[in-house]
Structures are given as structure tokens and as C-alpha cells.
Amino acid sequence: MKNYRFILIYIVMVVVQVLLVNFFPLSRYLLVSVLPALILVLPVDTRAIPAMLVSFALGFAVDFFSNGMLGISSLALVPAGLVRGAVIDGVFGDELSSRGDELSVQRLGVPKMVLASLILCSVYFLVYIWADSAGTVPFWPAALRFALSVLVSTPVCVFTVRFFRP
Amino acid sequence: MARAGKFYLGLVTAVIFVLLEVAAVALLKRSSTLQNIWINRISHSVMATTWGSFTKVRNYFGLREQNEILAGRNYELFKELQHYKELEKSVQAMARLDSARLPSRFNYIPAEITAMGTNSRHNYIILDKGSEHGVKPQSAIITPNGVVGMIYAVDRRYSYGLSFLNEKVSVSARIGREGLVAPLSWDGQGSDRAILKDIPLHLTVAEGDTVRTSGISAVYPPDIPIGVTTGSRLIDGAVNVVDVKLFVDFASLRYVIIAENPDRTTIEKMER
């Protein structure tokens with residue numbers, strides 16, 4: 001039952017992300033994405049390889065159903081899937097995975113969740129903006145876009161994680 | 001075992017990461033012209049850097065071969081240089097011969113000393129000219145300043161001679177241009193001294209007279225200055241010997257002239 005709920009919310013969040021991309025283009029300098037959160041909320045014992053495969057598939061699905069460039073989300077999300085395990089161990093400690101517990105904003109605290117989301121968002125947007133700029137955008141505008149996107153997306157991701165793991 | 005498993009897991013993870021990223025890049029490349037150009041530029045840059053590095057490494061390991069080629073060229077140039085130097089020396093030697101007015105019935109061949117002994121009582125000399133240069137046994141080895149020795153055996157490219165600093169070598173010498181003729185040989189004492197033997201008691205020899213080759217020989221050209229008399233001594237109460245200081249400095253000798261008498265065989269036959 002729990003799994004069905006998780007999958008259902010997961011699909012809903014993918015749809016939300018597609019809608020965000022297609023119908024709510026906020027600004028040239030701002031990207032909002034919940035995809036790092038969707039990677040973070042995968043079961044804690046998920047290893048790097050499944051996490052990367054899910055990241056690729058997730059990015060592909062979002063790009064496929066949105067007007068974005070096919071492949072760019074996958075390109076940015078796979079590194080996030082790679083570092084996910086290290087981020088969880090580094091931020092929440094090894095006990096979490098060794099005990100078999102799942103993420104919980106209430107139990108682990110908002111600051112730690114913000115930090116984990118911040119790292120994953122940073123990795124995601126770093127690659128995304130770099131690939132999206134394609135060498136045509138100067139450094140500072142790209143840096144501003146990165147900073148704004150991370151600042152806005154991190155709380156959105158924390159909020160998204162609460163849906164999955166209250 | 002666990003470490004090996006962890007290593008292989010890490011390796012597989014890295015490979016899958018690269019494959020997924022490559023797949024994503026391939027998708028991105030096909031979906032956007034701008035990204036296509038950008039990715040092409042990056043891939044060209046990466047390829048250029050990679051090939052540049054490979055070329056650098058290949059060039060580095062090819063240095064040995066390059067060095068061998070350069071060493072070979074260096075050797076060829078050195079040989080060429082030596083050839084021209086020898087030609088120049090030959091010309092100079094022939095010019096000296098002309099100035100020394102050596103008799104023309106002899107054939108002269110300039111040569112360089114390859115090896116020479118000076119420390120024993122039977123010293124030898126090896127020259128860099130042999131039969132292919134026209135050198136024949138029983139030829140004289142001279143310089144414009146004196147007698148150096150005599151060719152004893154000839155190889156194709158080298159010749160072996162007996163140095164004047166050899167007790168077996170004797171040269172027919174004359175004191176002054178028209179004076180007494182006597183055999184001159186090394187005294188075995190020093191490389192700059194020789195003695196004129198068999199000087200009759202009734203003849204007195206003044207110090208400072210120049211000793212030359214007499215010409216009464218089928219081997220040595222006449223009138224080659226050999227040395228200067230420094231005094232005479234009575235030996236066994238019967239004969240005098242005259243001490244001669246040689247002109248040739250054997251210690252610094254390097255270039256000589258081989259004098260070959262084409263009529264030597266005929267003269268020797270007549271002597272028999």
C-alpha cells in the first residue's frame with residue numbers, strides 16, 4: 001500500500017515537473033525543478049547504479065513530455081544519481097542506511113534535508129545550465145541563473161520530499 | 001575479497017555512469033542544433049588534446065630514433081670533414097715537399113701516423129696508407145725535417161714500419177753536403193739522439209755540422225736534413241762515433257711522407 005502511494009506521488013511529481021517546464025516558464029534566469037528531490041526520495045538502500053538508471057529514465061521522461069531538449073535532464077540528473085548515496089551518508093550519517101531507515105524530514109530535521117537537497121540541486125543545475133548555455137552565455141549570467149535556480153529549487157525539493165517522507 | 005568486490009562495483013558504476021552520460025549527450029546532440037555545435041566543438045577539442053598528447057608521447061619515445069639518425073648524420077659529416085682536412089693536409093704536405101725540393105725520382109705519399117711506439121728498443125710505426133694508396137715495402141718514411149723510419153710491411157689500408165728509433169734501422173748519412181758518409185742509427189738512449197758510426201780516427205768532425213741523408217741508398221732520398229752533430233767519441237780505441245741531435249721530434253710527430261723509389265728493385269738487382 002505504501003509502495004503504491006509512493007509510486008503514485010512519484011508519477012504525480014513527474015507530471016508536475018512537466019507542467020512546470022511547459023506552462024510556467026518563470027524567468028530566463030530561474031529554473032525550478034523537483035527532479036533532485038525525486039532522486040533523493042528513492043529508498044535509502046538504493047545503490048548508485050539503480051539510482052543512475054532511474055535518474056536517466058526520469059530525465060528522459062520529463063524531456064520527452066515537455067518542450068525541453070531531449071537528453072538535457074538526463075545529462076544533469078545522472079550525476080545527481082551518482083552522488084546521491086554519498087550525499088545521504090555524508091549528510092545523514094551511515095546509520096541511516098545501516099539501520100534500513102528511510103528519509104524523514106521530521107526525524108532528520110529540516111536543515112539536514114535542506115543541505116542534502118542543496119547539494120543535489122547544485123549538481124543538477126550545474127550540469128543543466130552548463131549544457132543549456134552551450135558555451136554561448138557568459139560566466140556571470142550563467143552563475144546568476146545557477147544561484148537563483150538552486151536557491152528557489154532547494155526549498156521546493158525539501159517541500160517535495162515532505163510529500164514522500166513526512 | 002571485499003575490497004576487490006568494492007573495486008569492481010566502483011568500476012561498473014563508473015562505466016555505467018559514462019554510458020548513461022554518453023547516451024544523454026547523444027540525445028541532446030540530436031535534439032538541438034546549438035547543443036550539437038557545442039558538443040561537436042568540445043569533442044573536437046578533446047580529440048585534438050588527446051591526439052596532441054599522443055603525438056607528444058610518441059615524439060618523446062621517438063627521440064631515441066631521432067638521436068640515432070642525428071648521430072649517423074653527425075658521423076657522416078665528421079667523415080666528410082676529415083676527408084677535406086686530409087685533402088688540405090695532402091696539399092700542404094705536397095707544397096712542403098716542393099719547397100724542400102725533394103728529388104723527383106721518388107714517389108711521395110702523405111700519410112698520418114696511426115700508432116707509434118717510442119718506449120722500447122725496437123719501436124714501430126703504423127701509417128694510415130696502405131697498398132691501395134701505392135705504398136710498398138722498403139719505402140722511406142720521412143718528413144722535411146728528417147728520417148722517421150722505413151716501411152716494413154704493407155696492408156691494404158695500413159702500413160707497418162720500423163721507426164728510426166729502432167736499433168735495426170740504419171740510414172746512410174752524410175755530414176754536410178759533400179762530407180763524410182757513414183751509417184746513422186739510433187743510440188737507444190733518447191728519442192732525439194743518434195750516432196754516426198764507423199768514423200775513421202784520422203777524421204775530425206766539427207760540432208754543429210748538419211747531417212743529411214747521403215743518397216747512397218735505394219730507400220732514402222738524398223739531402224734530407226736529419227740532425228746536427230754535437231760531438232764525437234772514441235769507441236774501443238779503434239773508431240770514432242759522432243753524436244747527432246735529431247731534428248725530428250718523435251714525441252709530437254703526426255704527419256709524415258712516404259718516399260718510394262720506383263727504381264729500388266732494379267738497383268737492388270744490380271747490387272746482387
# chains A, B, ... in the order shown; residues from 1 in each chain; ligands from 1
call {"tool": "residues_around", "arguments": {"residues": "region 88-105 of chain A", "least_positions_apart": "3", "cutoff": "7 Å", "atoms": "only C-alpha atoms", "output": "PyMOL selection string"}}
result
chain A and resi 43-45+84-85+108-110+112-113+116+162+165-166
call {"tool": "residues_around", "arguments": {"residues": "Leu42 (chain A)", "least_positions_apart": "5", "cutoff": "10 Å", "atoms": "only C-alpha atoms", "output": "PDB file with N, CA and C atoms, in the first residue's frame"}}
result
ATOM      1  N   PHE A   6       3.699   5.706  -2.839  1.00  0.00           N
ATOM      2  CA  PHE A   6       4.971   6.296  -3.251  1.00  0.00           C
ATOM      3  C   PHE A   6       5.039   6.456  -4.773  1.00  0.00           C
ATOM      4  N   TYR A  10       5.075   9.787  -6.959  1.00  0.00           N
ATOM      5  CA  TYR A  10       6.233   9.924  -7.859  1.00  0.00           C
ATOM      6  C   TYR A  10       5.765  10.344  -9.254  1.00  0.00           C
ATOM      7  N   ALA A  37      14.813  16.177  -5.936  1.00  0.00           N
ATOM      8  CA  ALA A  37      14.055  15.617  -4.813  1.00  0.00           C
ATOM      9  C   ALA A  37      13.568  14.212  -5.142  1.00  0.00           C
ATOM     10  N   ARG A  47      21.261   1.504  -4.542  1.00  0.00           N
ATOM     11  CA  ARG A  47      22.683   1.722  -4.874  1.00  0.00           C
ATOM     12  C   ARG A  47      22.825   2.722  -6.027  1.00  0.00           C
ATOM     13  N   PRO A  50      21.304   1.576  -9.786  1.00  0.00           N
ATOM     14  CA  PRO A  50      19.856   1.767  -9.985  1.00  0.00           C
ATOM     15  C   PRO A  50      19.460   3.237  -9.917  1.00  0.00           C
ATOM     16  N   ALA A  51      20.101   3.975  -9.013  1.00  0.00           N
ATOM     17  CA  ALA A  51      19.776   5.401  -8.888  1.00  0.00           C
ATOM     18  C   ALA A  51      20.075   6.141 -10.188  1.00  0.00           C
ATOM     19  N   VAL A  54      17.452   5.129 -12.805  1.00  0.00           N
ATOM     20  CA  VAL A  54      16.185   5.842 -12.547  1.00  0.00           C
ATOM     21  C   VAL A  54      16.332   7.314 -12.960  1.00  0.00           C
ATOM     22  N   GLY A  81      22.259  11.298  -9.431  1.00  0.00           N
ATOM     23  CA  GLY A  81      22.016   9.912  -9.015  1.00  0.00           C
ATOM     24  C   GLY A  81      23.295   9.237  -8.553  1.00  0.00           C
ATOM     25  N   ARG A  84      24.211  10.640  -5.039  1.00  0.00           N
ATOM     26  CA  ARG A  84      23.114  10.572  -4.064  1.00  0.00           C
ATOM     27  C   ARG A  84      23.507   9.780  -2.807  1.00  0.00           C
ATOM     28  N   GLU A 102      14.228   5.007   6.378  1.00  0.00           N
ATOM     29  CA  GLU A 102      14.029   5.867   5.208  1.00  0.00           C
ATOM     30  C   GLU A 102      14.173   7.321   5.642  1.00  0.00           C
ATOM     31  N   LEU A 103      14.269   8.189   4.629  1.00  0.00           N
ATOM     32  CA  LEU A 103      14.382   9.617   4.931  1.00  0.00           C
ATOM     33  C   LEU A 103      13.088  10.105   5.590  1.00  0.00           C
ATOM     34  N   VAL A 161      10.059  16.471  -0.806  1.00  0.00           N
ATOM     35  CA  VAL A 161      10.475  15.313  -0.007  1.00  0.00           C
ATOM     36  C   VAL A 161       9.466  15.060   1.111  1.00  0.00           C
ATOM     37  N   PHE A 164       6.708  12.792   0.225  1.00  0.00           N
ATOM     38  CA  PHE A 164       7.059  11.375   0.216  1.00  0.00           C
ATOM     39  C   PHE A 164       7.380  10.867   1.609  1.00  0.00           C
TER      40      PHE A 164
END
call {"tool": "residues_around", "arguments": {"residues": "Val34 (chain A)", "least_positions_apart": "6", "cutoff": "10 Å", "atoms": "only C-alpha atoms", "output": "MDAnalysis selection string"}}
result
chainID A and resid 13:14 16:17 20 40 117 121 153:161
call {"tool": "write_last_selection", "arguments": {"atoms": "C-alpha atoms", "output": "PDB file, in the first residue's frame"}}
result
ATOM      1  CA  MET A  13       5.552  14.830  -9.270  1.00  0.00           C
ATOM      2  CA  VAL A  14       6.862  13.923 -12.712  1.00  0.00           C
ATOM      3  CA  VAL A  16       4.102  18.460 -12.053  1.00  0.00           C
ATOM      4  CA  GLN A  17       7.661  18.856 -13.313  1.00  0.00           C
ATOM      5  CA  LEU A  20       6.294  23.424 -14.662  1.00  0.00           C
ATOM      6  CA  LEU A  40      16.698  11.940  -3.101  1.00  0.00           C
ATOM      7  CA  SER A 117      18.655  18.997  -1.390  1.00  0.00           C
ATOM      8  CA  CYS A 121      20.227  20.732  -6.753  1.00  0.00           C
ATOM      9  CA  SER A 153      14.564  24.797  -6.154  1.00  0.00           C
ATOM     10  CA  THR A 154      16.134  23.702  -2.852  1.00  0.00           C
ATOM     11  CA  PRO A 155      13.079  24.627  -0.701  1.00  0.00           C
ATOM     12  CA  VAL A 156      10.785  23.256  -3.388  1.00  0.00           C
ATOM     13  CA  CYS A 157      12.711  19.983  -3.214  1.00  0.00           C
ATOM     14  CA  VAL A 158      12.529  19.901   0.588  1.00  0.00           C
ATOM     15  CA  PHE A 159       8.812  20.500   0.322  1.00  0.00           C
ATOM     16  CA  THR A 160       8.564  17.697  -2.240  1.00  0.00           C
ATOM     17  CA  VAL A 161      10.475  15.313  -0.007  1.00  0.00           C
TER      18      VAL A 161
END
call {"tool": "interface_residues", "arguments": {"of": "chain B", "to": "chain A", "cutoff": "10 Å", "atoms": "only C-alpha atoms", "output": "tab-separated table (two decimals) with N, CA and C atoms, in the first residue's frame"}}
result
chain	number	residue	atom	x	y	z
B	9	LEU	N	32.75	-3.11	-8.24
B	9	LEU	CA	31.47	-2.41	-8.19
B	9	LEU	C	31.66	-0.94	-8.59
B	10	GLY	N	32.74	-0.36	-8.06
B	10	GLY	CA	33.06	1.03	-8.41
B	10	GLY	C	33.33	1.18	-9.90
B	12	VAL	N	32.25	-0.80	-12.34
B	12	VAL	CA	31.00	-0.97	-13.10
B	12	VAL	C	30.15	0.30	-12.99
B	13	THR	N	30.11	0.87	-11.79
B	13	THR	CA	29.35	2.11	-11.59
B	13	THR	C	29.88	3.22	-12.50
B	14	ALA	N	31.22	3.32	-12.57
B	14	ALA	CA	31.83	4.36	-13.40
B	14	ALA	C	31.50	4.13	-14.87
B	15	VAL	N	31.57	2.87	-15.28
B	15	VAL	CA	31.29	2.55	-16.69
B	15	VAL	C	29.84	2.89	-17.03
B	16	ILE	N	28.93	2.50	-16.14
B	16	ILE	CA	27.51	2.78	-16.40
B	16	ILE	C	27.25	4.29	-16.40
B	17	PHE	N	27.90	4.98	-15.47
B	17	PHE	CA	27.76	6.45	-15.45
B	17	PHE	C	28.18	7.06	-16.79
B	18	VAL	N	29.33	6.62	-17.27
B	18	VAL	CA	29.83	7.16	-18.55
B	18	VAL	C	28.88	6.81	-19.68
B	20	LEU	N	25.65	6.18	-19.56
B	20	LEU	CA	24.41	6.97	-19.45
B	20	LEU	C	24.63	8.42	-19.88
B	21	GLU	N	25.77	8.96	-19.50
B	21	GLU	CA	26.07	10.35	-19.88
B	21	GLU	C	26.28	10.46	-21.39
B	22	VAL	N	26.94	9.47	-21.94
B	22	VAL	CA	27.16	9.47	-23.39
B	22	VAL	C	25.82	9.37	-24.12
B	23	ALA	N	24.94	8.51	-23.58
B	23	ALA	CA	23.61	8.37	-24.19
B	23	ALA	C	22.85	9.69	-24.11
B	24	ALA	N	22.94	10.35	-22.96
B	24	ALA	CA	22.25	11.63	-22.77
B	24	ALA	C	22.81	12.69	-23.72
B	25	VAL	N	24.13	12.69	-23.87
B	25	VAL	CA	24.76	13.65	-24.78
B	25	VAL	C	24.31	13.37	-26.22
B	26	ALA	N	24.25	12.08	-26.56
B	26	ALA	CA	23.82	11.73	-27.92
B	26	ALA	C	22.40	12.21	-28.18
B	27	LEU	N	21.52	12.04	-27.19
B	27	LEU	CA	20.13	12.53	-27.32
B	27	LEU	C	20.11	14.05	-27.46
B	28	LEU	N	20.90	14.70	-26.60
B	28	LEU	CA	20.94	16.16	-26.62
B	28	LEU	C	21.47	16.69	-27.95
B	29	LYS	N	22.45	15.98	-28.46
B	29	LYS	CA	23.08	16.38	-29.73
B	29	LYS	C	22.07	16.34	-30.88
B	30	ARG	N	21.20	15.36	-30.82
B	30	ARG	CA	20.22	15.20	-31.90
B	30	ARG	C	19.04	16.16	-31.77
B	31	SER	N	18.81	16.62	-30.54
B	31	SER	CA	17.58	17.40	-30.33
B	31	SER	C	17.79	18.91	-30.46
B	32	SER	N	19.01	19.38	-30.48
B	32	SER	CA	19.23	20.83	-30.54
B	32	SER	C	20.45	21.16	-31.40
B	34	LEU	N	22.07	24.07	-31.54
B	34	LEU	CA	23.07	24.80	-30.75
B	34	LEU	C	23.92	23.84	-29.92
B	35	GLN	N	23.23	22.92	-29.24
B	35	GLN	CA	23.95	21.94	-28.41
B	35	GLN	C	24.79	21.01	-29.29
B	36	ASN	N	24.27	20.72	-30.49
B	36	ASN	CA	25.02	19.88	-31.42
B	36	ASN	C	26.36	20.52	-31.77
B	37	ILE	N	26.30	21.82	-32.10
B	37	ILE	CA	27.54	22.54	-32.44
B	37	ILE	C	28.48	22.58	-31.23
B	38	TRP	N	27.89	22.86	-30.07
B	38	TRP	CA	28.70	22.96	-28.85
B	38	TRP	C	29.38	21.63	-28.52
B	39	ILE	N	28.59	20.55	-28.62
B	39	ILE	CA	29.16	19.22	-28.31
B	39	ILE	C	30.24	18.85	-29.33
B	41	ARG	N	32.11	20.92	-30.91
B	41	ARG	CA	33.29	21.73	-30.62
B	41	ARG	C	34.08	21.11	-29.45
B	42	ILE	N	33.34	20.71	-28.42
B	42	ILE	CA	34.00	20.09	-27.26
B	42	ILE	C	34.69	18.79	-27.67
call {"tool": "select_by_dssp", "arguments": {"residues": "region 11-253 of chain B", "states": "strand (DSSP E)", "output": "ChimeraX atom specification"}}
result
/B:107-116,122-127,140-143,146-154,159-166,170-175,181-186,193-199,210-213,225-235,239-246
call {"tool": "atom_distance", "arguments": {"atom1": "CA of Tyr158 (chain B)", "atom2": "CA of Pro262 (chain B)"}}
result
19.6 Å
call {"tool": "residues_around", "arguments": {"residues": "Val15 (chain A)", "least_positions_apart": "5", "cutoff": "10 Å", "atoms": "only C-alpha atoms", "output": "list in words"}}
result
Ile9, Tyr10, Leu20, Val21, Ala61, Val62, Phe65 and Ser66 of chain A
call {"tool": "write_last_selection", "arguments": {"atoms": "C-alpha atoms", "output": "compact mmCIF listing (two decimals), in the first residue's frame"}}
result
# COMPACT_ATOMS: atom_id res chain seq x y z
CA ILE A 9 3.12 10.54 -5.80
CA TYR A 10 6.23 9.92 -7.86
CA LEU A 20 6.29 23.42 -14.66
CA VAL A 21 8.57 23.24 -17.66
CA ALA A 61 10.53 11.09 -19.42
CA VAL A 62 10.43 14.76 -18.37
CA PHE A 65 6.84 15.06 -22.40
CA SER A 66 7.97 18.64 -22.20
call {"tool": "decode", "arguments": {"residues": "region 157-232 of chain B", "atoms": "C-alpha atoms", "output": "PDB file, in the first residue's frame"}}
result
ATOM      1  CA  ARG B 157      94.806   0.294 -45.947  1.00  0.00           C
ATOM      2  CA  TYR B 158      97.655   0.492 -43.444  1.00  0.00           C
ATOM      3  CA  SER B 159     101.368   0.048 -43.464  1.00  0.00           C
ATOM      4  CA  TYR B 160     103.723  -1.077 -40.742  1.00  0.00           C
ATOM      5  CA  GLY B 161     107.138   0.450 -40.494  1.00  0.00           C
ATOM      6  CA  LEU B 162     110.255   0.295 -38.381  1.00  0.00           C
ATOM      7  CA  SER B 163     110.804   3.559 -36.612  1.00  0.00           C
ATOM      8  CA  PHE B 164     114.186   5.215 -36.799  1.00  0.00           C
ATOM      9  CA  LEU B 165     114.099   4.685 -33.017  1.00  0.00           C
ATOM     10  CA  ASN B 166     114.814   1.039 -33.686  1.00  0.00           C
ATOM     11  CA  GLU B 167     118.232  -0.498 -33.340  1.00  0.00           C
ATOM     12  CA  LYS B 168     117.726  -2.473 -36.552  1.00  0.00           C
ATOM     13  CA  VAL B 169     117.297   0.654 -38.668  1.00  0.00           C
ATOM     14  CA  SER B 170     120.331   2.326 -40.140  1.00  0.00           C
ATOM     15  CA  VAL B 171     120.410   5.253 -42.533  1.00  0.00           C
ATOM     16  CA  SER B 172     123.256   6.204 -44.798  1.00  0.00           C
ATOM     17  CA  ALA B 173     124.059   9.766 -43.798  1.00  0.00           C
ATOM     18  CA  ARG B 174     126.463  12.440 -44.895  1.00  0.00           C
ATOM     19  CA  ILE B 175     127.995  15.135 -42.778  1.00  0.00           C
ATOM     20  CA  GLY B 176     127.445  18.359 -44.641  1.00  0.00           C
ATOM     21  CA  ARG B 177     126.529  18.381 -48.308  1.00  0.00           C
ATOM     22  CA  GLU B 178     129.730  16.827 -49.545  1.00  0.00           C
ATOM     23  CA  GLY B 179     131.323  15.406 -46.422  1.00  0.00           C
ATOM     24  CA  LEU B 180     131.883  12.036 -44.899  1.00  0.00           C
ATOM     25  CA  VAL B 181     129.325   9.288 -45.391  1.00  0.00           C
ATOM     26  CA  ALA B 182     128.608   6.969 -42.512  1.00  0.00           C
ATOM     27  CA  PRO B 183     125.752   4.815 -41.184  1.00  0.00           C
ATOM     28  CA  LEU B 184     123.498   6.667 -38.801  1.00  0.00           C
ATOM     29  CA  SER B 185     121.469   4.761 -36.247  1.00  0.00           C
ATOM     30  CA  TRP B 186     119.655   5.356 -33.006  1.00  0.00           C
ATOM     31  CA  ASP B 187     121.780   5.131 -29.899  1.00  0.00           C
ATOM     32  CA  GLY B 188     118.947   3.694 -27.834  1.00  0.00           C
ATOM     33  CA  GLN B 189     119.337   6.447 -25.254  1.00  0.00           C
ATOM     34  CA  GLY B 190     116.828   9.135 -26.192  1.00  0.00           C
ATOM     35  CA  SER B 191     114.335   9.876 -28.923  1.00  0.00           C
ATOM     36  CA  ASP B 192     116.266  12.952 -30.070  1.00  0.00           C
ATOM     37  CA  ARG B 193     119.715  11.410 -30.352  1.00  0.00           C
ATOM     38  CA  ALA B 194     121.542   9.192 -32.839  1.00  0.00           C
ATOM     39  CA  ILE B 195     125.115   8.239 -33.620  1.00  0.00           C
ATOM     40  CA  LEU B 196     127.166   8.182 -36.771  1.00  0.00           C
ATOM     41  CA  LYS B 197     129.259   5.035 -36.599  1.00  0.00           C
ATOM     42  CA  ASP B 198     132.467   3.836 -38.215  1.00  0.00           C
ATOM     43  CA  ILE B 199     134.072   7.245 -38.436  1.00  0.00           C
ATOM     44  CA  PRO B 200     137.828   6.767 -39.117  1.00  0.00           C
ATOM     45  CA  LEU B 201     140.127   8.004 -36.368  1.00  0.00           C
ATOM     46  CA  HIS B 202     142.023  10.393 -38.589  1.00  0.00           C
ATOM     47  CA  LEU B 203     138.935  12.344 -39.493  1.00  0.00           C
ATOM     48  CA  THR B 204     137.709  15.063 -37.218  1.00  0.00           C
ATOM     49  CA  VAL B 205     134.091  16.119 -37.191  1.00  0.00           C
ATOM     50  CA  ALA B 206     133.175  19.594 -36.114  1.00  0.00           C
ATOM     51  CA  GLU B 207     130.254  20.217 -33.845  1.00  0.00           C
ATOM     52  CA  GLY B 208     127.218  21.836 -35.441  1.00  0.00           C
ATOM     53  CA  ASP B 209     127.564  20.283 -38.863  1.00  0.00           C
ATOM     54  CA  THR B 210     124.287  19.299 -40.453  1.00  0.00           C
ATOM     55  CA  VAL B 211     123.804  15.615 -41.119  1.00  0.00           C
ATOM     56  CA  ARG B 212     121.756  14.702 -44.216  1.00  0.00           C
ATOM     57  CA  THR B 213     120.764  11.554 -45.987  1.00  0.00           C
ATOM     58  CA  SER B 214     123.542  10.593 -48.308  1.00  0.00           C
ATOM     59  CA  GLY B 215     121.516   9.336 -51.228  1.00  0.00           C
ATOM     60  CA  ILE B 216     123.718   6.258 -51.386  1.00  0.00           C
ATOM     61  CA  SER B 217     120.665   4.166 -50.785  1.00  0.00           C
ATOM     62  CA  ALA B 218     117.767   2.875 -52.792  1.00  0.00           C
ATOM     63  CA  VAL B 219     115.430   3.667 -49.892  1.00  0.00           C
ATOM     64  CA  TYR B 220     116.029   7.208 -48.663  1.00  0.00           C
ATOM     65  CA  PRO B 221     116.036  10.272 -50.896  1.00  0.00           C
ATOM     66  CA  PRO B 222     119.288  12.279 -50.721  1.00  0.00           C
ATOM     67  CA  ASP B 223     119.854  15.523 -48.822  1.00  0.00           C
ATOM     68  CA  ILE B 224     117.072  15.159 -46.292  1.00  0.00           C
ATOM     69  CA  PRO B 225     118.332  17.020 -43.227  1.00  0.00           C
ATOM     70  CA  ILE B 226     118.452  14.636 -40.281  1.00  0.00           C
ATOM     71  CA  GLY B 227     120.174  16.444 -37.460  1.00  0.00           C
ATOM     72  CA  VAL B 228     123.232  18.265 -36.298  1.00  0.00           C
ATOM     73  CA  THR B 229     126.478  16.914 -34.883  1.00  0.00           C
ATOM     74  CA  THR B 230     127.055  17.556 -31.191  1.00  0.00           C
ATOM     75  CA  GLY B 231     130.452  15.888 -30.660  1.00  0.00           C
ATOM     76  CA  SER B 232     132.480  12.746 -31.244  1.00  0.00           C
TER      77      SER B 232
END
